$ cat data-v4.pdb   # PDB, C-alpha atoms and all ligand atoms
ATOM      1  CA  LEU I  27     -33.504 -24.447  28.642
ATOM      2  CA  SER I  28     -33.803 -24.605  32.412
ATOM      3  CA  SER I  29     -36.102 -22.000  33.958
ATOM      4  CA  ALA I  30     -33.197 -19.749  35.027
ATOM      5  CA  GLU I  31     -31.949 -19.766  31.430
ATOM      6  CA  GLU I  32     -35.330 -18.925  29.938
ATOM      7  CA  ILE I  33     -35.249 -16.109  27.432
ATOM      8  CA  LEU I  34     -38.425 -14.216  26.652
ATOM      9  CA  VAL I  35     -38.768 -12.173  23.473
ATOM     10  CA  ASN I  36     -41.195  -9.310  23.042
ATOM     11  CA  HIS I  37     -41.614  -9.091  19.267
ATOM     12  CA  ASN I  38     -43.532  -5.941  18.316
ATOM     13  CA  GLY I  39     -45.694  -6.348  21.446
ATOM     14  CA  THR I  40     -46.119 -10.140  21.532
ATOM     15  CA  ILE I  41     -44.158 -11.875  24.300
ATOM     16  CA  LEU I  42     -43.024 -15.443  23.587
ATOM     17  CA  PRO I  43     -40.306 -17.838  24.789
ATOM     18  CA  ALA I  44     -37.232 -17.337  22.575
ATOM     19  CA  GLY I  45     -37.651 -20.836  21.104
ATOM     20  CA  GLU I  46     -40.996 -19.801  19.614
ATOM     21  CA  ALA I  47     -40.062 -16.263  18.500
ATOM     22  CA  THR I  48     -38.989 -15.986  14.856
ATOM     23  CA  VAL I  49     -37.764 -13.279  12.495
ATOM     24  CA  PRO I  50     -38.633 -13.600   8.770
ATOM     25  CA  ALA I  51     -35.813 -14.702   6.462
ATOM     26  CA  MET I  52     -36.183 -11.469   4.457
ATOM     27  CA  ASP I  53     -35.564  -9.162   7.435
ATOM     28  CA  HIS I  54     -32.629  -6.925   6.553
ATOM     29  CA  GLY I  55     -31.393  -7.091  10.144
ATOM     30  CA  PHE I  56     -30.675 -10.768   9.476
ATOM     31  CA  LEU I  57     -29.606 -10.374   5.830
ATOM     32  CA  TYR I  58     -27.290  -7.378   6.231
ATOM     33  CA  GLY I  59     -26.807  -6.709   9.945
ATOM     34  CA  ASP I  60     -29.007  -3.671   9.287
ATOM     35  CA  SER I  61     -30.127  -3.134  12.873
ATOM     36  CA  VAL I  62     -29.266  -1.266  16.058
ATOM     37  CA  TYR I  63     -29.670  -2.275  19.688
ATOM     38  CA  GLU I  64     -29.255  -1.449  23.358
ATOM     39  CA  THR I  65     -28.340  -3.678  26.290
ATOM     40  CA  LEU I  66     -29.513  -2.682  29.742
ATOM     41  CA  ARG I  67     -30.241  -4.266  33.100
ATOM     42  CA  THR I  68     -32.396  -4.084  36.203
ATOM     43  CA  PHE I  69     -31.367  -3.688  39.830
ATOM     44  CA  HIS I  70     -34.003  -4.935  42.299
ATOM     45  CA  GLY I  71     -36.368  -5.256  39.356
ATOM     46  CA  ARG I  72     -35.993  -1.577  38.393
ATOM     47  CA  LEU I  73     -34.597  -0.548  35.032
ATOM     48  CA  PHE I  74     -31.284   1.273  35.414
ATOM     49  CA  LEU I  75     -30.778   4.332  33.178
ATOM     50  CA  ILE I  76     -33.534   3.475  30.709
ATOM     51  CA  GLU I  77     -33.774   7.089  29.473
ATOM     52  CA  PRO I  78     -30.084   7.444  28.448
ATOM     53  CA  HIS I  79     -30.358   4.033  26.739
ATOM     54  CA  LEU I  80     -33.420   5.197  24.795
ATOM     55  CA  ASP I  81     -31.626   8.457  23.924
ATOM     56  CA  ARG I  82     -28.700   6.463  22.501
ATOM     57  CA  LEU I  83     -31.023   4.094  20.630
ATOM     58  CA  LEU I  84     -32.648   7.109  18.973
ATOM     59  CA  ARG I  85     -29.222   8.503  18.033
ATOM     60  CA  SER I  86     -28.175   5.133  16.531
ATOM     61  CA  LEU I  87     -31.452   4.960  14.577
ATOM     62  CA  GLU I  88     -30.955   8.462  13.249
ATOM     63  CA  GLN I  89     -27.367   7.698  12.184
ATOM     64  CA  ILE I  90     -28.544   4.813   9.985
ATOM     65  CA  SER I  91     -31.742   6.589   8.820
ATOM     66  CA  LEU I  92     -34.035   4.048  10.423
ATOM     67  CA  ALA I  93     -37.418   5.109  11.800
ATOM     68  CA  LEU I  94     -38.599   4.251  15.298
ATOM     69  CA  PRO I  95     -40.808   1.125  15.047
ATOM     70  CA  ALA I  96     -43.103   2.604  17.736
ATOM     71  CA  PRO I  97     -43.202   5.899  19.633
ATOM     72  CA  ARG I  98     -40.499   6.193  22.326
ATOM     73  CA  GLU I  99     -43.056   6.037  25.158
ATOM     74  CA  GLU I 100     -44.545   2.856  23.741
ATOM     75  CA  LEU I 101     -41.079   1.283  23.478
ATOM     76  CA  ARG I 102     -40.335   2.174  27.103
ATOM     77  CA  ARG I 103     -43.645   0.658  28.211
ATOM     78  CA  ALA I 104     -42.898  -2.454  26.134
ATOM     79  CA  VAL I 105     -39.539  -2.824  27.930
ATOM     80  CA  GLU I 106     -41.248  -2.375  31.321
ATOM     81  CA  ARG I 107     -43.956  -4.881  30.437
ATOM     82  CA  THR I 108     -41.330  -7.429  29.358
ATOM     83  CA  VAL I 109     -39.537  -6.984  32.711
ATOM     84  CA  GLY I 110     -42.889  -7.489  34.486
ATOM     85  CA  VAL I 111     -43.734 -10.696  32.609
ATOM     86  CA  PHE I 112     -40.229 -12.098  33.145
ATOM     87  CA  ARG I 113     -40.325 -11.334  36.873
ATOM     88  CA  GLU I 114     -43.760 -12.925  37.271
ATOM     89  CA  ARG I 115     -42.158 -16.136  36.067
ATOM     90  CA  HIS I 116     -38.900 -15.631  37.947
ATOM     91  CA  PRO I 117     -39.694 -13.612  41.076
ATOM     92  CA  GLY I 118     -36.763 -11.717  42.544
ATOM     93  CA  CYS I 119     -34.619 -12.295  39.459
ATOM     94  CA  ASP I 120     -32.624  -9.376  38.041
ATOM     95  CA  LEU I 121     -32.420  -9.363  34.291
ATOM     96  CA  SER I 122     -30.578  -8.174  31.284
ATOM     97  CA  LEU I 123     -32.500  -6.793  28.321
ATOM     98  CA  ARG I 124     -31.529  -6.437  24.724
ATOM     99  CA  LEU I 125     -33.683  -4.028  22.736
ATOM    100  CA  VAL I 126     -33.147  -4.541  19.000
ATOM    101  CA  VAL I 127     -34.594  -2.524  16.124
ATOM    102  CA  THR I 128     -34.204  -4.025  12.664
ATOM    103  CA  ARG I 129     -34.839  -2.594   9.211
ATOM    104  CA  GLY I 130     -37.666  -5.108   8.657
ATOM    105  CA  ILE I 131     -38.662  -7.118   5.610
ATOM    106  CA  GLY I 132     -37.664  -6.195   2.068
ATOM    107  CA  PRO I 133     -36.432  -7.740  -1.183
ATOM    108  CA  ILE I 134     -32.704  -8.418  -1.623
ATOM    109  CA  GLY I 135     -30.938  -5.109  -2.187
ATOM    110  CA  LEU I 136     -29.181  -2.351  -0.281
ATOM    111  CA  ASP I 137     -31.690   0.442  -0.833
ATOM    112  CA  ILE I 138     -33.206   1.229   2.568
ATOM    113  CA  THR I 139     -36.480   2.307   0.966
ATOM    114  CA  LEU I 140     -37.065  -1.377   0.104
ATOM    115  CA  CYS I 141     -38.096  -1.893   3.734
ATOM    116  CA  ASP I 142     -40.983   0.137   5.084
ATOM    117  CA  GLN I 143     -41.748  -1.425   8.456
ATOM    118  CA  PRO I 144     -38.989  -1.565  11.094
ATOM    119  CA  ARG I 145     -39.560  -4.063  13.900
ATOM    120  CA  TYR I 146     -38.483  -4.250  17.513
ATOM    121  CA  LEU I 147     -37.498  -7.232  19.618
ATOM    122  CA  ILE I 148     -36.885  -7.083  23.361
ATOM    123  CA  TYR I 149     -34.951 -10.077  24.712
ATOM    124  CA  ALA I 150     -35.219 -10.606  28.480
ATOM    125  CA  PHE I 151     -33.092 -13.093  30.398
ATOM    126  CA  ALA I 152     -31.623 -13.680  33.836
ATOM    127  CA  LEU I 153     -28.688 -11.330  34.363
ATOM    128  CA  PRO I 154     -25.442 -13.133  33.516
ATOM    129  CA  ARG I 155     -23.329 -12.495  36.624
ATOM    130  CA  LEU I 156     -19.542 -12.489  36.676
ATOM    131  CA  PRO I 157     -17.932 -14.566  39.423
ATOM    132  CA  ALA I 158     -17.418 -12.464  42.583
ATOM    133  CA  GLU I 159     -13.636 -13.002  42.406
ATOM    134  CA  TYR I 160     -13.516 -11.020  39.153
ATOM    135  CA  TYR I 161     -14.576  -7.944  41.121
ATOM    136  CA  ALA I 162     -12.416  -8.832  44.127
ATOM    137  CA  GLN I 163      -9.237  -9.844  42.284
ATOM    138  CA  GLY I 164      -9.593  -8.340  38.823
ATOM    139  CA  ILE I 165      -9.598  -9.851  35.352
ATOM    140  CA  ARG I 166      -7.075 -10.357  32.577
ATOM    141  CA  VAL I 167      -7.549  -8.647  29.221
ATOM    142  CA  VAL I 168      -5.540  -8.931  26.004
ATOM    143  CA  VAL I 169      -4.917  -6.394  23.290
ATOM    144  CA  SER I 170      -6.498  -7.817  20.142
ATOM    145  CA  ARG I 171      -4.760  -7.956  16.776
ATOM    146  CA  VAL I 172      -8.058  -6.746  15.316
ATOM    147  CA  ARG I 173      -8.366  -2.945  15.093
ATOM    148  CA  ARG I 174     -11.617  -1.108  15.876
ATOM    149  CA  ASN I 175     -13.697  -0.098  12.849
ATOM    150  CA  HIS I 176     -12.540   3.279  11.592
ATOM    151  CA  PRO I 177     -15.215   5.911  12.370
ATOM    152  CA  SER I 178     -15.292   6.994   8.743
ATOM    153  CA  ALA I 179     -16.114   3.394   7.711
ATOM    154  CA  LEU I 180     -18.583   2.217  10.372
ATOM    155  CA  ASP I 181     -18.778   4.637  13.292
ATOM    156  CA  PRO I 182     -18.516   2.726  16.603
ATOM    157  CA  ARG I 183     -20.824   5.367  18.108
ATOM    158  CA  ILE I 184     -23.633   3.602  16.248
ATOM    159  CA  LYS I 185     -24.619   0.667  18.448
ATOM    160  CA  SER I 186     -25.069  -1.519  15.425
ATOM    161  CA  GLY I 187     -26.208  -5.143  15.301
ATOM    162  CA  ASN I 188     -23.362  -5.652  12.833
ATOM    163  CA  PHE I 189     -20.925  -6.986  15.431
ATOM    164  CA  LEU I 190     -18.318  -8.876  13.399
ATOM    165  CA  ASN I 191     -15.512  -6.430  14.258
ATOM    166  CA  ASN I 192     -16.034  -7.181  17.967
ATOM    167  CA  ILE I 193     -16.653 -10.914  17.441
ATOM    168  CA  LEU I 194     -13.338 -11.261  15.569
ATOM    169  CA  ALA I 195     -11.503  -9.364  18.317
ATOM    170  CA  TYR I 196     -13.104 -11.487  21.048
ATOM    171  CA  GLN I 197     -11.586 -14.603  19.497
ATOM    172  CA  ASP I 198      -8.197 -13.293  20.704
ATOM    173  CA  ALA I 199      -9.553 -13.218  24.265
ATOM    174  CA  ARG I 200     -10.973 -16.754  23.963
ATOM    175  CA  ARG I 201      -7.788 -18.115  22.499
ATOM    176  CA  THR I 202      -5.730 -16.893  25.432
ATOM    177  CA  GLY I 203      -8.281 -17.461  28.198
ATOM    178  CA  ALA I 204      -8.641 -13.716  28.875
ATOM    179  CA  HIS I 205     -11.926 -12.191  29.965
ATOM    180  CA  GLU I 206     -12.016  -9.365  27.438
ATOM    181  CA  ALA I 207     -10.119  -8.156  24.360
ATOM    182  CA  LEU I 208      -9.187  -4.494  23.945
ATOM    183  CA  LEU I 209      -9.180  -2.995  20.468
ATOM    184  CA  LEU I 210      -6.859  -0.252  19.294
ATOM    185  CA  SER I 211      -7.894   2.336  16.740
ATOM    186  CA  ALA I 212      -6.544   2.000  13.192
ATOM    187  CA  ASP I 213      -3.750   4.442  14.153
ATOM    188  CA  GLY I 214      -2.736   2.564  17.287
ATOM    189  CA  TYR I 215      -4.492   4.351  20.148
ATOM    190  CA  VAL I 216      -6.522   2.603  22.840
ATOM    191  CA  ALA I 217     -10.162   2.418  21.756
ATOM    192  CA  GLU I 218     -12.388   0.078  23.798
ATOM    193  CA  GLY I 219     -13.195  -3.509  24.723
ATOM    194  CA  THR I 220     -15.394  -5.771  22.579
ATOM    195  CA  THR I 221     -18.346  -4.998  24.880
ATOM    196  CA  SER I 222     -16.862  -2.504  27.329
ATOM    197  CA  ASN I 223     -15.127   0.836  27.730
ATOM    198  CA  VAL I 224     -11.670   1.036  29.235
ATOM    199  CA  PHE I 225     -10.150   3.316  31.883
ATOM    200  CA  LEU I 226      -6.546   3.607  33.097
ATOM    201  CA  VAL I 227      -5.227   5.183  36.285
ATOM    202  CA  ARG I 228      -1.818   6.871  36.419
ATOM    203  CA  GLY I 229      -0.474   8.904  39.301
ATOM    204  CA  GLY I 230      -3.955   8.976  40.881
ATOM    205  CA  GLY I 231      -5.613  10.419  37.745
ATOM    206  CA  ILE I 232      -8.202   8.566  35.663
ATOM    207  CA  GLN I 233      -7.771   8.487  31.882
ATOM    208  CA  THR I 234     -10.126   7.169  29.232
ATOM    209  CA  PRO I 235     -10.220   7.446  25.431
ATOM    210  CA  SER I 236     -12.325  10.377  24.246
ATOM    211  CA  ALA I 237     -15.729   9.523  22.792
ATOM    212  CA  PHE I 238     -14.549   9.428  19.198
ATOM    213  CA  GLY I 239     -14.107   6.115  17.426
ATOM    214  CA  ILE I 240     -15.685   4.213  20.324
ATOM    215  CA  LEU I 241     -19.134   3.548  21.703
ATOM    216  CA  ASP I 242     -19.876   6.273  24.223
ATOM    217  CA  GLY I 243     -20.938   3.834  26.943
ATOM    218  CA  ILE I 244     -23.735   4.765  29.320
ATOM    219  CA  THR I 245     -21.660   3.341  32.197
ATOM    220  CA  ARG I 246     -18.653   5.338  30.928
ATOM    221  CA  GLN I 247     -20.777   8.503  31.097
ATOM    222  CA  VAL I 248     -21.967   7.706  34.617
ATOM    223  CA  ILE I 249     -18.398   7.054  35.801
ATOM    224  CA  LEU I 250     -17.133  10.308  34.271
ATOM    225  CA  GLU I 251     -19.998  12.252  35.864
ATOM    226  CA  GLU I 252     -19.722  10.628  39.297
ATOM    227  CA  ALA I 253     -15.908  10.678  39.406
ATOM    228  CA  ARG I 254     -15.859  14.389  38.558
ATOM    229  CA  SER I 255     -18.425  15.251  41.188
ATOM    230  CA  ALA I 256     -16.478  13.184  43.738
ATOM    231  CA  GLY I 257     -13.435  15.356  42.934
ATOM    232  CA  LEU I 258     -11.387  12.609  41.248
ATOM    233  CA  PRO I 259      -9.129  13.892  38.439
ATOM    234  CA  VAL I 260     -10.467  12.587  35.111
ATOM    235  CA  GLU I 261      -9.088  13.107  31.632
ATOM    236  CA  GLU I 262     -10.505  12.096  28.236
ATOM    237  CA  GLY I 263      -8.055  11.995  25.347
ATOM    238  CA  ARG I 264      -5.897   9.961  23.009
ATOM    239  CA  ILE I 265      -4.134   7.137  24.830
ATOM    240  CA  PRO I 266      -1.157   5.521  23.059
ATOM    241  CA  ALA I 267      -1.177   1.703  23.312
ATOM    242  CA  GLU I 268       2.134   1.668  25.284
ATOM    243  CA  ARG I 269       0.367   3.359  28.173
ATOM    244  CA  LEU I 270      -1.579   0.144  28.784
ATOM    245  CA  LEU I 271       1.644  -1.349  30.077
ATOM    246  CA  GLU I 272       2.625   1.694  32.131
ATOM    247  CA  CYS I 273      -0.526   2.282  34.173
ATOM    248  CA  ASP I 274      -0.961   1.789  37.928
ATOM    249  CA  GLU I 275      -4.546   0.549  37.667
ATOM    250  CA  ALA I 276      -7.106  -0.258  34.988
ATOM    251  CA  PHE I 277     -10.779  -1.147  34.800
ATOM    252  CA  ILE I 278     -13.490  -1.781  32.238
ATOM    253  CA  THR I 279     -17.143  -0.712  32.350
ATOM    254  CA  SER I 280     -20.403  -1.903  30.800
ATOM    255  CA  SER I 281     -24.098  -1.882  31.610
ATOM    256  CA  VAL I 282     -24.217  -5.598  32.372
ATOM    257  CA  ARG I 283     -20.955  -5.908  34.332
ATOM    258  CA  GLY I 284     -20.697  -2.459  35.930
ATOM    259  CA  VAL I 285     -17.078  -1.661  36.892
ATOM    260  CA  VAL I 286     -14.585  -4.550  36.700
ATOM    261  CA  PRO I 287     -10.936  -4.155  37.793
ATOM    262  CA  VAL I 288      -8.273  -5.236  35.294
ATOM    263  CA  THR I 289      -5.165  -6.665  36.967
ATOM    264  CA  ARG I 290      -3.434  -8.228  33.961
ATOM    265  CA  ILE I 291      -2.973  -6.914  30.431
ATOM    266  CA  ASN I 292      -1.477  -9.432  27.999
ATOM    267  CA  ASP I 293       1.317 -11.015  30.066
ATOM    268  CA  SER I 294       1.948  -7.963  32.270
ATOM    269  CA  VAL I 295       0.710  -7.395  35.784
ATOM    270  CA  VAL I 296      -1.054  -4.054  36.286
ATOM    271  CA  GLY I 297       0.348  -2.176  39.325
ATOM    272  CA  ASP I 298       0.745  -4.605  42.199
ATOM    273  CA  GLY I 299      -1.695  -7.102  40.659
ATOM    274  CA  GLU I 300      -4.620  -6.157  42.940
ATOM    275  CA  PRO I 301      -7.546  -3.815  42.252
ATOM    276  CA  GLY I 302      -6.097  -0.413  43.231
ATOM    277  CA  PRO I 303      -7.548   2.308  45.493
ATOM    278  CA  VAL I 304      -8.871   4.520  42.677
ATOM    279  CA  THR I 305     -10.615   1.559  41.015
ATOM    280  CA  GLN I 306     -12.167   0.588  44.339
ATOM    281  CA  ARG I 307     -13.364   4.155  44.871
ATOM    282  CA  VAL I 308     -14.907   4.173  41.374
ATOM    283  CA  MET I 309     -16.674   0.874  42.136
ATOM    284  CA  GLN I 310     -18.105   2.463  45.292
ATOM    285  CA  ILE I 311     -19.351   5.598  43.575
ATOM    286  CA  TYR I 312     -20.970   3.464  40.855
ATOM    287  CA  ASP I 313     -22.726   1.355  43.516
ATOM    288  CA  ALA I 314     -23.873   4.561  45.241
ATOM    289  CA  ARG I 315     -25.403   5.815  41.968
ATOM    290  CA  VAL I 316     -27.211   2.490  41.499
ATOM    291  CA  ALA I 317     -28.520   2.698  45.062
ATOM    292  CA  ARG I 318     -29.746   6.280  44.495
ATOM    293  CA  GLU I 319     -31.632   5.322  41.334
ATOM    294  CA  CYS I 320     -32.832   1.803  42.093
ATOM    295  CA  GLY I 321     -32.681   1.479  45.892
ATOM    296  CA  ALA I 322     -30.066  -0.327  47.968
TER
HETATM  297  C1  LIG I 401     -18.378  -1.895  21.829
HETATM  298  C2  LIG I 401     -18.889  -1.540  23.188
HETATM  299  N1  LIG I 401     -18.264  -0.586  23.900
HETATM  300  C3  LIG I 401     -18.695  -0.230  25.136
HETATM  301  C4  LIG I 401     -19.790  -0.842  25.729
HETATM  302  C5  LIG I 401     -20.263  -0.414  27.093
HETATM  303  O1  LIG I 401     -21.385   0.425  26.954
HETATM  304  P1  LIG I 401     -22.513   0.558  28.057
HETATM  305  O2  LIG I 401     -21.850   1.092  29.296
HETATM  306  O3  LIG I 401     -23.487   1.522  27.478
HETATM  307  O4  LIG I 401     -23.082  -0.802  28.285
HETATM  308  C6  LIG I 401     -20.486  -1.820  25.008
HETATM  309  C7  LIG I 401     -21.653  -2.468  25.604
HETATM  310  O5  LIG I 401     -22.165  -3.443  25.137
HETATM  311  C8  LIG I 401     -20.036  -2.182  23.705
HETATM  312  O6  LIG I 401     -20.660  -3.122  22.984
END
$ encode --input "data-v4.pdb" --output "structure tokens"
Amino acid sequence: LSSAEEILVNHNGTILPAGEATVPAMDHGFLYGDSVYETLRTFHGRLFLIEPHLDRLLRSLEQISLALPAPREELRRAVERTVGVFRERHPGCDLSLRLVVTRGIGPIGLDITLCDQPRYLIYAFALPRLPAEYYAQGIRVVVSRVRRNHPSALDPRIKSGNFLNNILAYQDARRTGAHEALLLSADGYVAEGTTSNVFLVRGGGIQTPSAFGILDGITRQVILEEARSAGLPVEEGRIPAERLLECDEAFITSSVRGVVPVTRINDSVVGDGEPGPVTQRVMQIYDARVARECGA
């Protein structure tokens, strides 16, 4: 790995290069995907929205009956320390962090009481940046043939390390050279991207799927909050798949990428094929929130 590609891993308090960090073969996170995680980023070296990310991590843990591996405060300090160590090695570098909590070691078997010591791992690496033209010109997304996990099977609100549903859907994006794949719910409504939430704009109003059957993204929440206080009309609800081809504008959101305009869906051009005025306004209000929290 070149220095810019270095990944550091804080494993229960010990920080090592990723190549030297190991997880035991009997960890149920590895064996069964029995883990939860958060992805967050820094702006100017400051963690953006760490508290909402920790809140969601705690909710995910609770939903799978997994205990915190360390008190919340200690986890937050561990994240901050990992950022500090990474930035000592790569001054001025903004980074992405992945905070994983796994079930820990236990014999083969599905009984969660077989594992009594959850572990945490914090991965720190240089922020993967999208090319500037993605923000300026928009990206293409495809609607995947893979449907989002049904909430009564594996609730997408749990930010689970079991990511096969999303990995299978992403293959449809790769196959067609699209940036992201959108998943529909089992009954055919728009759900979310493989690692993003989706918003449509019609007649000046913003629409996004309600927070059921999807991950309630932290960026999604920020956009809803900021758009409402800026007086933009916003609606959460059920969005039939056909509406993807009838919208004037579209964009996706995630912690790592922020707000990215979507100008093509499958083989159709969205609106006039350029990021529209509402999308551009949303990008501005997101940037303003970042500047308020982390400095310009
Ligand atoms: C399935 C899924 N939906 C939505 C998102 C966006 O969420 P956030 O804004 O919290 O990053 C992610 C982020 O990784 C995701 O994996």
$ axis_aligned_box --input "data-v4.pdb" --around "ligand LIG 401 (chain I)" --padding-each-side "5 Å" --output "AutoDock Vina command-line options"
--center_x -20.9 --center_y -1.0 --center_z 25.6 --size_x 15.2 --size_y 15.0 --size_z 17.5
$ resolve_selection --input "data-v4.pdb" --expression "the PyMOL selection byres (((chain I and resi 144) around 10) and not hetatm)" --output "PyMOL selection string"
chain I and resi 38+53-55+61+92-96+127-131+141-143+145-146
$ residues_around --input "data-v4.pdb" --residues "I:Gly321" --least-positions-apart "5" --cutoff "9 Å" --atoms "only C-alpha atoms" --output "JSON list (two decimals) with C-alpha atoms, keeping the file's coordinate frame"
[["chain", "number", "residue", "atom", "x", "y", "z"],
["I", 69, "PHE", "CA", -31.37, -3.69, 39.83],
["I", 70, "HIS", "CA", -34.00, -4.93, 42.30],
["I", 72, "ARG", "CA", -35.99, -1.58, 38.39],
["I", 316, "VAL", "CA", -27.21, 2.49, 41.50]]
$ closest_residue --input "data-v4.pdb" --among "I:Val168, I:Val285, I:Val105, I:Leu208" --to "I:Leu156" --atoms "only C-alpha atoms"
I:Val285
$ atom_distance --input "data-v4.pdb" --atom1 "atom CA of I:Arg228" --atom2 "atom C7 of ligand LIG 401 (chain I)"
24.4 Å
$ resolve_selection --input "data-v4.pdb" --expression "the PyMOL selection byres (((chain I and resi 182) around 10) and not hetatm)" --output "JSON list (two decimals) with C-alpha atoms, in the frame of the given file"
[["chain", "number", "residue", "atom", "x", "y", "z"],
["I", 86, "SER", "CA", -28.18, 5.13, 16.53],
["I", 174, "ARG", "CA", -11.62, -1.11, 15.88],
["I", 175, "ASN", "CA", -13.70, -0.10, 12.85],
["I", 176, "HIS", "CA", -12.54, 3.28, 11.59],
["I", 177, "PRO", "CA", -15.22, 5.91, 12.37],
["I", 178, "SER", "CA", -15.29, 6.99, 8.74],
["I", 179, "ALA", "CA", -16.11, 3.39, 7.71],
["I", 180, "LEU", "CA", -18.58, 2.22, 10.37],
["I", 181, "ASP", "CA", -18.78, 4.64, 13.29],
["I", 183, "ARG", "CA", -20.82, 5.37, 18.11],
["I", 184, "ILE", "CA", -23.63, 3.60, 16.25],
["I", 185, "LYS", "CA", -24.62, 0.67, 18.45],
["I", 186, "SER", "CA", -25.07, -1.52, 15.42],
["I", 191, "ASN", "CA", -15.51, -6.43, 14.26],
["I", 217, "ALA", "CA", -10.16, 2.42, 21.76],
["I", 218, "GLU", "CA", -12.39, 0.08, 23.80],
["I", 237, "ALA", "CA", -15.73, 9.52, 22.79],
["I", 238, "PHE", "CA", -14.55, 9.43, 19.20],
["I", 239, "GLY", "CA", -14.11, 6.12, 17.43],
["I", 240, "ILE", "CA", -15.68, 4.21, 20.32],
["I", 241, "LEU", "CA", -19.13, 3.55, 21.70],
["I", 242, "ASP", "CA", -19.88, 6.27, 24.22]]
$ residues_around --input "data-v4.pdb" --residues "stretch 272-274 of chain I" --least-positions-apart "3" --cutoff "12 Å" --atoms "only C-alpha atoms" --output "NGL selection string"
:I and (225-234 or 265-269 or 277 or 287-291 or 294-305)
$ write_last_selection --input "data-v4.pdb" --atoms "C-alpha atoms" --output "mmCIF file, in the frame of the given file"
data_model
loop_
_atom_site.group_PDB
_atom_site.id
_atom_site.type_symbol
_atom_site.label_atom_id
_atom_site.label_comp_id
_atom_site.auth_asym_id
_atom_site.auth_seq_id
_atom_site.Cartn_x
_atom_site.Cartn_y
_atom_site.Cartn_z
ATOM 1 C CA PHE I 225 -10.150 3.316 31.883
ATOM 2 C CA LEU I 226 -6.546 3.607 33.097
ATOM 3 C CA VAL I 227 -5.227 5.183 36.285
ATOM 4 C CA ARG I 228 -1.818 6.871 36.419
ATOM 5 C CA GLY I 229 -0.474 8.904 39.301
ATOM 6 C CA GLY I 230 -3.955 8.976 40.881
ATOM 7 C CA GLY I 231 -5.613 10.419 37.745
ATOM 8 C CA ILE I 232 -8.202 8.566 35.663
ATOM 9 C CA GLN I 233 -7.771 8.487 31.882
ATOM 10 C CA THR I 234 -10.126 7.169 29.232
ATOM 11 C CA ILE I 265 -4.134 7.137 24.830
ATOM 12 C CA PRO I 266 -1.157 5.521 23.059
ATOM 13 C CA ALA I 267 -1.177 1.703 23.312
ATOM 14 C CA GLU I 268 2.134 1.668 25.284
ATOM 15 C CA ARG I 269 0.367 3.359 28.173
ATOM 16 C CA PHE I 277 -10.779 -1.147 34.800
ATOM 17 C CA PRO I 287 -10.936 -4.155 37.793
ATOM 18 C CA VAL I 288 -8.273 -5.236 35.294
ATOM 19 C CA THR I 289 -5.165 -6.665 36.967
ATOM 20 C CA ARG I 290 -3.434 -8.228 33.961
ATOM 21 C CA ILE I 291 -2.973 -6.914 30.431
ATOM 22 C CA SER I 294 1.948 -7.963 32.270
ATOM 23 C CA VAL I 295 0.710 -7.395 35.784
ATOM 24 C CA VAL I 296 -1.054 -4.054 36.286
ATOM 25 C CA GLY I 297 0.348 -2.176 39.325
ATOM 26 C CA ASP I 298 0.745 -4.605 42.199
ATOM 27 C CA GLY I 299 -1.695 -7.102 40.659
ATOM 28 C CA GLU I 300 -4.620 -6.157 42.940
ATOM 29 C CA PRO I 301 -7.546 -3.815 42.252
ATOM 30 C CA GLY I 302 -6.097 -0.413 43.231
ATOM 31 C CA PRO I 303 -7.548 2.308 45.493
ATOM 32 C CA VAL I 304 -8.871 4.520 42.677
ATOM 33 C CA THR I 305 -10.615 1.559 41.015
#
$ atom_distance --input "data-v4.pdb" --atom1 "atom CA of I:Asp293" --atom2 "atom CA of I:Ser170"
13.0 Å
$ closest_residue --input "data-v4.pdb" --among "I:Gly59, I:Gly110, I:Glu275, I:Arg82" --to "I:Ile41" --atoms "all atoms listed in the file"
I:Gly110
$ resolve_selection --input "data-v4.pdb" --expression "the PyMOL selection byres (((not hetatm)) within 7 of (chain I and resi 401))" --output "list in words"
Thr65, Leu66, Pro182, Asn192, Glu218, Gly219, Thr220, Thr221, Ser222, Asn223, Ile240, Leu241, Asp242, Gly243, Ile244, Thr245, Arg246, Thr279, Ser280, Ser281 and Val282 of chain I
$ residues_around --input "data-v4.pdb" --residues "I:Ile249" --least-positions-apart "5" --cutoff "8 Å" --atoms "all atoms listed in the file" --output "VMD selection string"
chain I and resid 308 311 to 312
$ atom_distance --input "data-v4.pdb" --atom1 "atom CA of I:His37" --atom2 "atom CA of I:Ile148"
6.6 Å
$ residues_around --input "data-v4.pdb" --residues "I:Leu73" --least-positions-apart "2" --cutoff "10 Å" --atoms "only C-alpha atoms" --output "PyMOL selection string"
chain I and resi 66-71+75-77+105-106+109+120-123+319-320
